[in-house]
>>> print(open('structure_0.txt').read())   # compact mmCIF, N, CA and C atoms
# COMPACT_ATOMS: atom_id res chain seq x y z
N LEU A 860 133.72 174.25 136.09
CA LEU A 860 135.13 174.24 135.78
C LEU A 860 135.31 174.70 134.33
N PRO A 861 135.77 175.93 134.13
CA PRO A 861 135.96 176.42 132.76
C PRO A 861 137.21 175.80 132.13
N LEU A 862 137.02 175.30 130.94
CA LEU A 862 138.14 174.72 130.20
C LEU A 862 138.46 175.65 129.03
N THR A 863 139.72 175.90 128.86
CA THR A 863 140.13 176.73 127.73
C THR A 863 140.89 175.86 126.74
N PHE A 864 140.61 176.09 125.49
CA PHE A 864 141.27 175.36 124.43
C PHE A 864 141.95 176.35 123.50
N LYS A 865 143.10 175.97 123.02
CA LYS A 865 143.81 176.79 122.05
C LYS A 865 143.94 176.01 120.76
N ARG A 866 143.88 176.73 119.67
CA ARG A 866 144.09 176.06 118.38
C ARG A 866 145.55 175.62 118.29
N PRO A 867 145.78 174.50 117.65
CA PRO A 867 147.17 174.05 117.49
C PRO A 867 147.94 174.99 116.57
N LEU A 868 149.23 174.98 116.70
CA LEU A 868 150.10 175.81 115.86
C LEU A 868 150.18 175.24 114.45
N PRO A 869 150.42 176.09 113.46
CA PRO A 869 150.48 175.61 112.08
C PRO A 869 151.51 174.50 111.85
N ASN A 870 152.65 174.58 112.52
CA ASN A 870 153.67 173.55 112.34
C ASN A 870 153.23 172.19 112.85
N SER A 871 152.51 172.17 113.97
CA SER A 871 152.03 170.88 114.48
C SER A 871 150.92 170.32 113.59
N ILE A 872 150.09 171.20 113.04
CA ILE A 872 149.06 170.74 112.10
C ILE A 872 149.74 170.20 110.84
N ALA A 873 150.77 170.89 110.38
CA ALA A 873 151.47 170.48 109.16
C ALA A 873 152.06 169.07 109.32
N LYS A 874 152.64 168.78 110.47
CA LYS A 874 153.21 167.44 110.70
C LYS A 874 152.11 166.38 110.62
N ARG A 875 150.99 166.65 111.25
CA ARG A 875 149.88 165.69 111.24
C ARG A 875 149.30 165.53 109.84
N VAL A 876 149.20 166.62 109.10
CA VAL A 876 148.67 166.58 107.73
C VAL A 876 149.59 165.74 106.86
N GLN A 877 150.88 165.86 107.05
CA GLN A 877 151.82 165.05 106.27
C GLN A 877 151.67 163.56 106.59
N GLU A 878 151.43 163.24 107.84
CA GLU A 878 151.19 161.84 108.21
C GLU A 878 149.92 161.31 107.55
N ILE A 879 148.86 162.12 107.59
CA ILE A 879 147.59 161.73 106.98
C ILE A 879 147.78 161.52 105.47
N ALA A 880 148.50 162.44 104.84
CA ALA A 880 148.74 162.34 103.40
C ALA A 880 149.51 161.07 103.07
N ARG A 881 150.52 160.77 103.87
CA ARG A 881 151.32 159.57 103.65
C ARG A 881 150.44 158.32 103.76
N MET A 882 149.55 158.29 104.74
CA MET A 882 148.66 157.14 104.90
C MET A 882 147.67 157.03 103.74
N GLU A 883 147.34 158.16 103.12
CA GLU A 883 146.40 158.17 102.00
C GLU A 883 147.10 157.94 100.66
N GLY A 884 148.42 157.86 100.66
CA GLY A 884 149.14 157.51 99.44
C GLY A 884 149.65 158.68 98.62
N PHE A 885 149.75 159.86 99.21
CA PHE A 885 150.34 160.98 98.50
C PHE A 885 151.17 161.78 99.48
N THR A 886 151.90 162.76 98.98
CA THR A 886 152.74 163.58 99.85
C THR A 886 152.35 165.04 99.73
N ILE A 887 152.68 165.79 100.75
CA ILE A 887 152.46 167.23 100.75
C ILE A 887 153.71 167.89 101.32
N ASP A 888 154.19 168.91 100.65
CA ASP A 888 155.39 169.62 101.09
C ASP A 888 155.19 170.27 102.45
N ASP A 889 156.31 170.50 103.17
CA ASP A 889 156.25 171.17 104.46
C ASP A 889 155.59 172.54 104.35
N GLN A 890 156.08 173.34 103.41
CA GLN A 890 155.55 174.69 103.23
C GLN A 890 154.08 174.67 102.83
N ALA A 891 153.70 173.70 102.01
CA ALA A 891 152.31 173.60 101.57
C ALA A 891 151.40 173.27 102.75
N ALA A 892 151.84 172.37 103.61
CA ALA A 892 151.03 171.99 104.77
C ALA A 892 150.87 173.16 105.74
N VAL A 893 151.95 173.91 105.95
CA VAL A 893 151.89 175.08 106.83
C VAL A 893 150.97 176.15 106.23
N LYS A 894 151.09 176.38 104.93
CA LYS A 894 150.25 177.37 104.25
C LYS A 894 148.78 176.98 104.36
N LEU A 895 148.48 175.72 104.19
CA LEU A 895 147.10 175.24 104.31
C LEU A 895 146.57 175.45 105.72
N ALA A 896 147.39 175.15 106.72
CA ALA A 896 146.98 175.34 108.11
C ALA A 896 146.74 176.82 108.42
N GLU A 897 147.63 177.67 107.95
CA GLU A 897 147.47 179.11 108.19
C GLU A 897 146.24 179.67 107.50
N SER A 898 145.95 179.18 106.31
CA SER A 898 144.81 179.71 105.56
C SER A 898 143.47 179.33 106.19
N THR A 899 143.47 178.27 106.99
CA THR A 899 142.24 177.86 107.67
C THR A 899 142.21 178.33 109.12
N HIS A 900 143.10 179.23 109.46
CA HIS A 900 143.20 179.77 110.82
C HIS A 900 143.42 178.66 111.85
N ASN A 901 144.28 177.73 111.48
CA ASN A 901 144.69 176.62 112.35
C ASN A 901 143.52 175.73 112.77
N ASP A 902 142.58 175.53 111.89
CA ASP A 902 141.44 174.65 112.16
C ASP A 902 141.71 173.30 111.51
N ILE A 903 142.05 172.31 112.33
CA ILE A 903 142.45 171.00 111.81
C ILE A 903 141.31 170.34 111.04
N ARG A 904 140.08 170.55 111.47
CA ARG A 904 138.93 169.95 110.76
C ARG A 904 138.83 170.52 109.36
N ASN A 905 139.01 171.81 109.24
CA ASN A 905 138.93 172.45 107.93
C ASN A 905 140.09 172.01 107.04
N VAL A 906 141.25 171.81 107.62
CA VAL A 906 142.40 171.35 106.84
C VAL A 906 142.13 169.95 106.28
N ILE A 907 141.60 169.07 107.11
CA ILE A 907 141.32 167.70 106.67
C ILE A 907 140.24 167.69 105.59
N THR A 908 139.21 168.49 105.78
CA THR A 908 138.16 168.58 104.77
C THR A 908 138.71 169.11 103.44
N THR A 909 139.56 170.11 103.52
CA THR A 909 140.17 170.67 102.32
C THR A 909 141.05 169.63 101.63
N LEU A 910 141.79 168.87 102.39
CA LEU A 910 142.61 167.81 101.80
C LEU A 910 141.75 166.77 101.10
N GLN A 911 140.60 166.45 101.67
CA GLN A 911 139.71 165.49 101.02
C GLN A 911 139.26 166.00 99.66
N LEU A 912 139.00 167.30 99.58
CA LEU A 912 138.56 167.88 98.31
C LEU A 912 139.69 167.94 97.30
N TRP A 913 140.90 168.17 97.77
CA TRP A 913 142.03 168.36 96.87
C TRP A 913 142.85 167.10 96.66
N HIS A 914 142.43 165.99 97.19
CA HIS A 914 143.20 164.75 97.16
C HIS A 914 143.73 164.48 95.76
N PRO A 915 145.06 164.51 95.60
CA PRO A 915 145.63 164.21 94.28
C PRO A 915 145.61 162.70 94.03
N SER A 916 145.96 162.30 92.82
CA SER A 916 146.04 160.87 92.52
C SER A 916 147.13 160.23 93.37
N ARG A 917 147.06 158.94 93.43
CA ARG A 917 148.06 158.19 94.20
C ARG A 917 149.48 158.52 93.73
N HIS A 918 150.38 158.53 94.67
CA HIS A 918 151.82 158.73 94.40
C HIS A 918 152.12 160.09 93.76
N GLN A 919 151.31 161.07 94.06
CA GLN A 919 151.59 162.41 93.58
C GLN A 919 151.92 163.31 94.76
N ASN A 920 152.47 164.45 94.44
CA ASN A 920 152.87 165.40 95.46
C ASN A 920 151.97 166.63 95.40
N LEU A 921 151.54 167.11 96.56
CA LEU A 921 150.79 168.36 96.65
C LEU A 921 151.82 169.41 97.07
N SER A 922 152.23 170.22 96.10
CA SER A 922 153.31 171.18 96.34
C SER A 922 152.78 172.50 96.88
N TYR A 923 153.70 173.34 97.29
CA TYR A 923 153.35 174.67 97.80
C TYR A 923 152.63 175.48 96.73
N MET A 924 153.11 175.40 95.49
CA MET A 924 152.48 176.15 94.40
C MET A 924 151.07 175.65 94.13
N ASN A 925 150.84 174.32 94.21
CA ASN A 925 149.48 173.78 94.04
C ASN A 925 148.54 174.33 95.10
N VAL A 926 149.00 174.31 96.34
CA VAL A 926 148.18 174.79 97.45
C VAL A 926 147.91 176.28 97.30
N LYS A 927 148.94 177.04 96.98
CA LYS A 927 148.78 178.50 96.83
C LYS A 927 147.78 178.81 95.71
N GLU A 928 147.88 178.09 94.60
CA GLU A 928 146.97 178.30 93.47
C GLU A 928 145.52 177.95 93.86
N LYS A 929 145.34 176.83 94.52
CA LYS A 929 143.99 176.41 94.91
C LYS A 929 143.40 177.35 95.97
N LEU A 930 144.24 177.83 96.87
CA LEU A 930 143.75 178.76 97.89
C LEU A 930 143.34 180.10 97.29
N SER A 931 144.00 180.49 96.22
CA SER A 931 143.65 181.78 95.61
C SER A 931 142.25 181.76 95.03
N THR A 932 141.76 180.58 94.66
CA THR A 932 140.41 180.50 94.10
C THR A 932 139.34 180.37 95.17
N CYS A 933 139.72 179.95 96.37
CA CYS A 933 138.69 179.75 97.39
C CYS A 933 138.97 180.47 98.70
N ALA A 934 139.98 181.30 98.76
CA ALA A 934 140.36 181.94 100.02
C ALA A 934 139.23 182.77 100.61
N LYS A 935 138.44 183.41 99.76
CA LYS A 935 137.38 184.25 100.28
C LYS A 935 136.39 183.44 101.11
N ASN A 936 136.15 182.18 100.73
CA ASN A 936 135.21 181.36 101.48
C ASN A 936 135.78 180.92 102.82
N LEU A 937 137.07 180.76 102.90
CA LEU A 937 137.68 180.31 104.14
C LEU A 937 137.69 181.41 105.20
N ASP A 938 137.66 182.66 104.77
CA ASP A 938 137.73 183.77 105.71
C ASP A 938 136.36 184.23 106.20
N LEU A 939 135.31 183.76 105.59
CA LEU A 939 133.97 184.20 105.97
C LEU A 939 133.36 183.24 106.99
N GLY A 940 132.67 183.82 107.95
CA GLY A 940 131.96 183.02 108.92
C GLY A 940 130.47 183.29 108.82
N PRO A 941 129.67 182.58 109.57
CA PRO A 941 128.21 182.75 109.48
C PRO A 941 127.75 184.16 109.82
N PHE A 942 128.42 184.81 110.76
CA PHE A 942 128.02 186.16 111.15
C PHE A 942 128.37 187.19 110.06
N ASP A 943 129.32 186.83 109.20
CA ASP A 943 129.72 187.73 108.12
C ASP A 943 128.74 187.73 106.95
N VAL A 944 128.03 186.62 106.76
CA VAL A 944 127.19 186.49 105.56
C VAL A 944 125.70 186.44 105.84
N VAL A 945 125.29 186.42 107.08
CA VAL A 945 123.86 186.26 107.38
C VAL A 945 123.03 187.39 106.79
N HIS A 946 123.58 188.58 106.70
CA HIS A 946 122.83 189.71 106.15
C HIS A 946 122.50 189.53 104.68
N THR A 947 123.26 188.69 103.96
CA THR A 947 123.01 188.52 102.53
C THR A 947 121.68 187.81 102.25
N PHE A 948 121.17 187.08 103.21
CA PHE A 948 119.91 186.38 103.01
C PHE A 948 118.72 187.33 102.98
N PHE A 949 118.87 188.48 103.60
CA PHE A 949 117.75 189.40 103.75
C PHE A 949 117.88 190.64 102.88
N ASP A 950 118.76 190.59 101.91
CA ASP A 950 118.90 191.71 100.99
C ASP A 950 118.93 191.17 99.56
N PRO A 951 117.80 190.58 99.12
CA PRO A 951 117.79 189.90 97.82
C PRO A 951 118.13 190.75 96.61
N PRO A 952 117.74 192.03 96.55
CA PRO A 952 118.08 192.77 95.33
C PRO A 952 119.59 192.87 95.08
N LYS A 953 120.38 192.91 96.14
CA LYS A 953 121.83 193.06 95.97
C LYS A 953 122.54 191.72 95.80
N ASN A 954 121.91 190.64 96.26
CA ASN A 954 122.58 189.34 96.25
C ASN A 954 121.79 188.32 95.44
N LEU A 955 122.45 187.78 94.44
CA LEU A 955 121.82 186.78 93.61
C LEU A 955 121.56 185.51 94.42
N PHE A 956 120.64 184.72 93.95
CA PHE A 956 120.29 183.48 94.64
C PHE A 956 121.51 182.56 94.79
N GLU A 957 122.33 182.47 93.74
CA GLU A 957 123.51 181.60 93.79
C GLU A 957 124.47 182.02 94.90
N LYS A 958 124.63 183.34 95.06
CA LYS A 958 125.51 183.86 96.12
C LYS A 958 124.96 183.51 97.49
N ARG A 959 123.64 183.65 97.66
CA ARG A 959 123.03 183.31 98.94
C ARG A 959 123.14 181.82 99.21
N LEU A 960 123.03 181.01 98.17
CA LEU A 960 123.16 179.57 98.34
C LEU A 960 124.58 179.19 98.76
N ASP A 961 125.58 179.82 98.13
CA ASP A 961 126.97 179.58 98.53
C ASP A 961 127.18 179.98 99.99
N ASN A 962 126.61 181.10 100.38
CA ASN A 962 126.76 181.56 101.76
C ASN A 962 126.08 180.63 102.75
N TYR A 963 125.02 180.00 102.33
CA TYR A 963 124.32 179.05 103.21
C TYR A 963 125.27 177.93 103.64
N PHE A 964 126.10 177.46 102.74
CA PHE A 964 126.97 176.33 103.03
C PHE A 964 128.23 176.70 103.79
N ILE A 965 128.39 177.96 104.16
CA ILE A 965 129.50 178.33 105.03
C ILE A 965 129.32 177.65 106.39
N ASP A 966 128.08 177.60 106.86
CA ASP A 966 127.76 176.84 108.07
C ASP A 966 126.30 176.40 107.95
N SER A 967 126.10 175.25 107.32
CA SER A 967 124.75 174.80 107.01
C SER A 967 123.96 174.38 108.23
N ASP A 968 124.59 174.25 109.38
CA ASP A 968 123.86 173.94 110.61
C ASP A 968 123.32 175.20 111.27
N LEU A 969 124.07 176.28 111.19
CA LEU A 969 123.71 177.51 111.89
C LEU A 969 122.87 178.46 111.03
N MET A 970 123.07 178.46 109.73
CA MET A 970 122.35 179.40 108.86
C MET A 970 120.83 179.29 108.94
N PRO A 971 120.26 178.08 108.93
CA PRO A 971 118.79 178.01 109.05
C PRO A 971 118.28 178.63 110.34
N LEU A 972 119.05 178.53 111.40
CA LEU A 972 118.64 179.13 112.67
C LEU A 972 118.67 180.66 112.58
N PHE A 973 119.67 181.20 111.91
CA PHE A 973 119.73 182.65 111.70
C PHE A 973 118.52 183.13 110.90
N VAL A 974 118.22 182.40 109.84
CA VAL A 974 117.09 182.78 109.00
C VAL A 974 115.79 182.70 109.79
N GLN A 975 115.61 181.62 110.52
CA GLN A 975 114.40 181.46 111.32
C GLN A 975 114.26 182.59 112.34
N GLU A 976 115.34 182.95 112.96
CA GLU A 976 115.32 183.98 114.00
C GLU A 976 115.00 185.36 113.44
N ASN A 977 115.44 185.64 112.23
CA ASN A 977 115.37 187.00 111.70
C ASN A 977 114.39 187.20 110.55
N TYR A 978 113.73 186.15 110.09
CA TYR A 978 112.91 186.24 108.89
C TYR A 978 111.77 187.25 109.04
N LEU A 979 111.02 187.18 110.11
CA LEU A 979 109.87 188.07 110.26
C LEU A 979 110.30 189.53 110.31
N GLN A 980 111.32 189.83 111.07
CA GLN A 980 111.79 191.21 111.17
C GLN A 980 112.32 191.70 109.82
N ALA A 981 113.04 190.85 109.12
CA ALA A 981 113.58 191.24 107.81
C ALA A 981 112.44 191.44 106.81
N SER A 982 111.41 190.62 106.87
CA SER A 982 110.27 190.77 105.96
C SER A 982 109.56 192.09 106.19
N ILE A 983 109.36 192.44 107.43
CA ILE A 983 108.69 193.71 107.77
C ILE A 983 109.54 194.88 107.29
N THR A 984 110.84 194.82 107.53
CA THR A 984 111.75 195.89 107.10
C THR A 984 111.76 196.01 105.58
N LEU A 985 111.82 194.88 104.88
CA LEU A 985 111.85 194.90 103.42
C LEU A 985 110.55 195.47 102.87
N LYS A 986 109.42 195.08 103.45
CA LYS A 986 108.12 195.61 102.99
C LYS A 986 108.05 197.12 103.20
N SER A 987 108.55 197.60 104.33
CA SER A 987 108.51 199.04 104.57
C SER A 987 109.43 199.78 103.60
N LYS A 988 110.57 199.21 103.26
CA LYS A 988 111.47 199.83 102.28
C LYS A 988 110.79 199.90 100.91
N ILE A 989 110.14 198.81 100.53
CA ILE A 989 109.45 198.77 99.24
C ILE A 989 108.30 199.78 99.24
N GLY A 990 107.56 199.83 100.34
CA GLY A 990 106.45 200.79 100.46
C GLY A 990 106.94 202.22 100.40
N ASN A 991 108.02 202.53 101.08
CA ASN A 991 108.58 203.88 101.06
C ASN A 991 109.07 204.25 99.67
N ALA A 992 109.67 203.30 98.97
CA ALA A 992 110.15 203.56 97.62
C ALA A 992 108.98 203.84 96.68
N ALA A 993 107.89 203.11 96.86
CA ALA A 993 106.70 203.33 96.01
C ALA A 993 106.09 204.69 96.27
N ILE A 994 106.04 205.09 97.54
CA ILE A 994 105.49 206.41 97.89
C ILE A 994 106.36 207.52 97.30
N GLU A 995 107.67 207.38 97.41
CA GLU A 995 108.59 208.37 96.86
C GLU A 995 108.44 208.47 95.34
N LYS A 996 108.25 207.33 94.69
CA LYS A 996 108.09 207.32 93.23
C LYS A 996 106.80 208.06 92.84
N LYS A 997 105.72 207.83 93.58
CA LYS A 997 104.45 208.49 93.28
C LYS A 997 104.54 210.00 93.50
N THR A 998 105.23 210.41 94.55
CA THR A 998 105.36 211.84 94.80
C THR A 998 106.23 212.53 93.75
N LYS A 999 107.22 211.84 93.23
CA LYS A 999 108.08 212.40 92.18
C LYS A 999 107.29 212.53 90.88
N GLU A 1000 106.36 211.60 90.62
CA GLU A 1000 105.56 211.64 89.41
C GLU A 1000 104.56 212.79 89.44
N GLN A 1001 104.11 213.18 90.61
CA GLN A 1001 103.10 214.25 90.74
C GLN A 1001 103.75 215.56 90.71
>>> encode(input="structure_0.txt", output="structure tokens")
Amino acid sequence: LPLTFKRPLPNSIAKRVQEIARMEGFTIDDQAAVKLAESTHNDIRNVITTLQLWHPSRHQNLSYMNVKEKLSTCAKNLDLGPFDVVHTFFDPPKNLFEKRLDNYFIDSDLMPLFVQENYLQASITLKSKIGNAAIEKKTKEQ
């Protein structure tokens, strides 16, 4: 029996987020809650996690401008998935270690499996690229 699930609409997520915020002792504007839901592609788990990180002090308001400002600093991470960043692990010269570490935490459950699955093939490919570059350098010197 195939079951299909649809992500909730941003407005329904926004209502629930406002209830959660009220229970936690702060408020969030309607527009801010909708913007947060839209920025996470209507993923309620991601919205709740983001709220935990951004939790303001008690009796404060999380306004639309606060949310927009905070999203501008982290929006790139919200739009990337594991399939978008897996290639960065196998191209070390172009990607610094810190960048690869950040990409690991996009999905820390799935990334080790990607690395395990592709490590040997990537190592062979990288060695052949290095070997070809060394051969080309020697031929240019002669």
>>> closest_residue(input="structure_0.txt", among="A:Arg904, A:Gly940, A:Ala891, A:Thr947", to="Met924 (chain A)", atoms="only N, CA and C atoms")
A:Ala891
>>> residues_around(input="structure_0.txt", residues="region 968-970 of chain A", least_positions_apart="5", cutoff="7 Å", atoms="only N, CA and C atoms", output="list in words")
Pro941, Tyr963 and Gln975 of chain A
>>> atom_distance(input="structure_0.txt", atom1="CA of Lys927 (chain A)", atom2="CA of Ile907 (chain A)")
16.4 Å
>>> select_by_dssp(input="structure_0.txt", residues="region 882-966 of chain A", states="strand (DSSP E)", output="PyMOL selection string")
chain A and resi 886-887+920-921
>>> residues_near_point(input="structure_0.txt", point="(124.2, 181.9, 98.3)", cutoff="12 Å", atoms="only C-alpha atoms", output="list of chain:residue names")
A:Asn936, A:Pro941, A:Val944, A:Val945, A:His946, A:Thr947, A:Phe948, A:Phe949, A:Asp950, A:Pro951, A:Lys953, A:Asn954, A:Leu955, A:Phe956, A:Glu957, A:Lys958, A:Arg959, A:Leu960, A:Asp961, A:Asn962, A:Tyr963, A:Phe964, A:Ile965, A:Asp966, A:Ser967, A:Met970
>>> write_last_selection(input="structure_0.txt", atoms="N, CA and C atoms", output="mmCIF file, in the coordinates of the input")
data_model
loop_
_atom_site.group_PDB
_atom_site.id
_atom_site.type_symbol
_atom_site.label_atom_id
_atom_site.label_comp_id
_atom_site.auth_asym_id
_atom_site.auth_seq_id
_atom_site.Cartn_x
_atom_site.Cartn_y
_atom_site.Cartn_z
ATOM 1 N N ASN A 936 136.150 182.180 100.730
ATOM 2 C CA ASN A 936 135.210 181.360 101.480
ATOM 3 C C ASN A 936 135.780 180.920 102.820
ATOM 4 N N PRO A 941 129.670 182.580 109.570
ATOM 5 C CA PRO A 941 128.210 182.750 109.480
ATOM 6 C C PRO A 941 127.750 184.160 109.820
ATOM 7 N N VAL A 944 128.030 186.620 106.760
ATOM 8 C CA VAL A 944 127.190 186.490 105.560
ATOM 9 C C VAL A 944 125.700 186.440 105.840
ATOM 10 N N VAL A 945 125.290 186.420 107.080
ATOM 11 C CA VAL A 945 123.860 186.260 107.380
ATOM 12 C C VAL A 945 123.030 187.390 106.790
ATOM 13 N N HIS A 946 123.580 188.580 106.700
ATOM 14 C CA HIS A 946 122.830 189.710 106.150
ATOM 15 C C HIS A 946 122.500 189.530 104.680
ATOM 16 N N THR A 947 123.260 188.690 103.960
ATOM 17 C CA THR A 947 123.010 188.520 102.530
ATOM 18 C C THR A 947 121.680 187.810 102.250
ATOM 19 N N PHE A 948 121.170 187.080 103.210
ATOM 20 C CA PHE A 948 119.910 186.380 103.010
ATOM 21 C C PHE A 948 118.720 187.330 102.980
ATOM 22 N N PHE A 949 118.870 188.480 103.600
ATOM 23 C CA PHE A 949 117.750 189.400 103.750
ATOM 24 C C PHE A 949 117.880 190.640 102.880
ATOM 25 N N ASP A 950 118.760 190.590 101.910
ATOM 26 C CA ASP A 950 118.900 191.710 100.990
ATOM 27 C C ASP A 950 118.930 191.170 99.560
ATOM 28 N N PRO A 951 117.800 190.580 99.120
ATOM 29 C CA PRO A 951 117.790 189.900 97.820
ATOM 30 C C PRO A 951 118.130 190.750 96.610
ATOM 31 N N LYS A 953 120.380 192.910 96.140
ATOM 32 C CA LYS A 953 121.830 193.060 95.970
ATOM 33 C C LYS A 953 122.540 191.720 95.800
ATOM 34 N N ASN A 954 121.910 190.640 96.260
ATOM 35 C CA ASN A 954 122.580 189.340 96.250
ATOM 36 C C ASN A 954 121.790 188.320 95.440
ATOM 37 N N LEU A 955 122.450 187.780 94.440
ATOM 38 C CA LEU A 955 121.820 186.780 93.610
ATOM 39 C C LEU A 955 121.560 185.510 94.420
ATOM 40 N N PHE A 956 120.640 184.720 93.950
ATOM 41 C CA PHE A 956 120.290 183.480 94.640
ATOM 42 C C PHE A 956 121.510 182.560 94.790
ATOM 43 N N GLU A 957 122.330 182.470 93.740
ATOM 44 C CA GLU A 957 123.510 181.600 93.790
ATOM 45 C C GLU A 957 124.470 182.020 94.900
ATOM 46 N N LYS A 958 124.630 183.340 95.060
ATOM 47 C CA LYS A 958 125.510 183.860 96.120
ATOM 48 C C LYS A 958 124.960 183.510 97.490
ATOM 49 N N ARG A 959 123.640 183.650 97.660
ATOM 50 C CA ARG A 959 123.030 183.310 98.940
ATOM 51 C C ARG A 959 123.140 181.820 99.210
ATOM 52 N N LEU A 960 123.030 181.010 98.170
ATOM 53 C CA LEU A 960 123.160 179.570 98.340
ATOM 54 C C LEU A 960 124.580 179.190 98.760
ATOM 55 N N ASP A 961 125.580 179.820 98.130
ATOM 56 C CA ASP A 961 126.970 179.580 98.530
ATOM 57 C C ASP A 961 127.180 179.980 99.990
ATOM 58 N N ASN A 962 126.610 181.100 100.380
ATOM 59 C CA ASN A 962 126.760 181.560 101.760
ATOM 60 C C ASN A 962 126.080 180.630 102.750
ATOM 61 N N TYR A 963 125.020 180.000 102.330
ATOM 62 C CA TYR A 963 124.320 179.050 103.210
ATOM 63 C C TYR A 963 125.270 177.930 103.640
ATOM 64 N N PHE A 964 126.100 177.460 102.740
ATOM 65 C CA PHE A 964 126.970 176.330 103.030
ATOM 66 C C PHE A 964 128.230 176.700 103.790
ATOM 67 N N ILE A 965 128.390 177.960 104.160
ATOM 68 C CA ILE A 965 129.500 178.330 105.030
ATOM 69 C C ILE A 965 129.320 177.650 106.390
ATOM 70 N N ASP A 966 128.080 177.600 106.860
ATOM 71 C CA ASP A 966 127.760 176.840 108.070
ATOM 72 C C ASP A 966 126.300 176.400 107.950
ATOM 73 N N SER A 967 126.100 175.250 107.320
ATOM 74 C CA SER A 967 124.750 174.800 107.010
ATOM 75 C C SER A 967 123.960 174.380 108.230
ATOM 76 N N MET A 970 123.070 178.460 109.730
ATOM 77 C CA MET A 970 122.350 179.400 108.860
ATOM 78 C C MET A 970 120.830 179.290 108.940
#
>>> residues_around(input="structure_0.txt", residues="region 870-884 of chain A", least_positions_apart="3", cutoff="8 Å", atoms="all atoms listed in the file", output="list of chain:residue names")
A:Pro867, A:Ile887, A:Asp888, A:Asp889, A:Gln890, A:Ala891, A:Ala892, A:Val893, A:Lys894, A:Leu895, A:Ala896, A:Glu897, A:Asn901, A:Asp902, A:Ile903, A:Val906, A:Ile907, A:Pro915, A:Ser916, A:Arg917, A:His918, A:Gln919, A:Asn920
>>> atom_distance(input="structure_0.txt", atom1="CA of Leu972 (chain A)", atom2="atom C of Leu939 (chain A)")
16.3 Å
>>> atom_distance(input="structure_0.txt", atom1="CA of Trp913 (chain A)", atom2="CA of Asp943 (chain A)")
25.6 Å
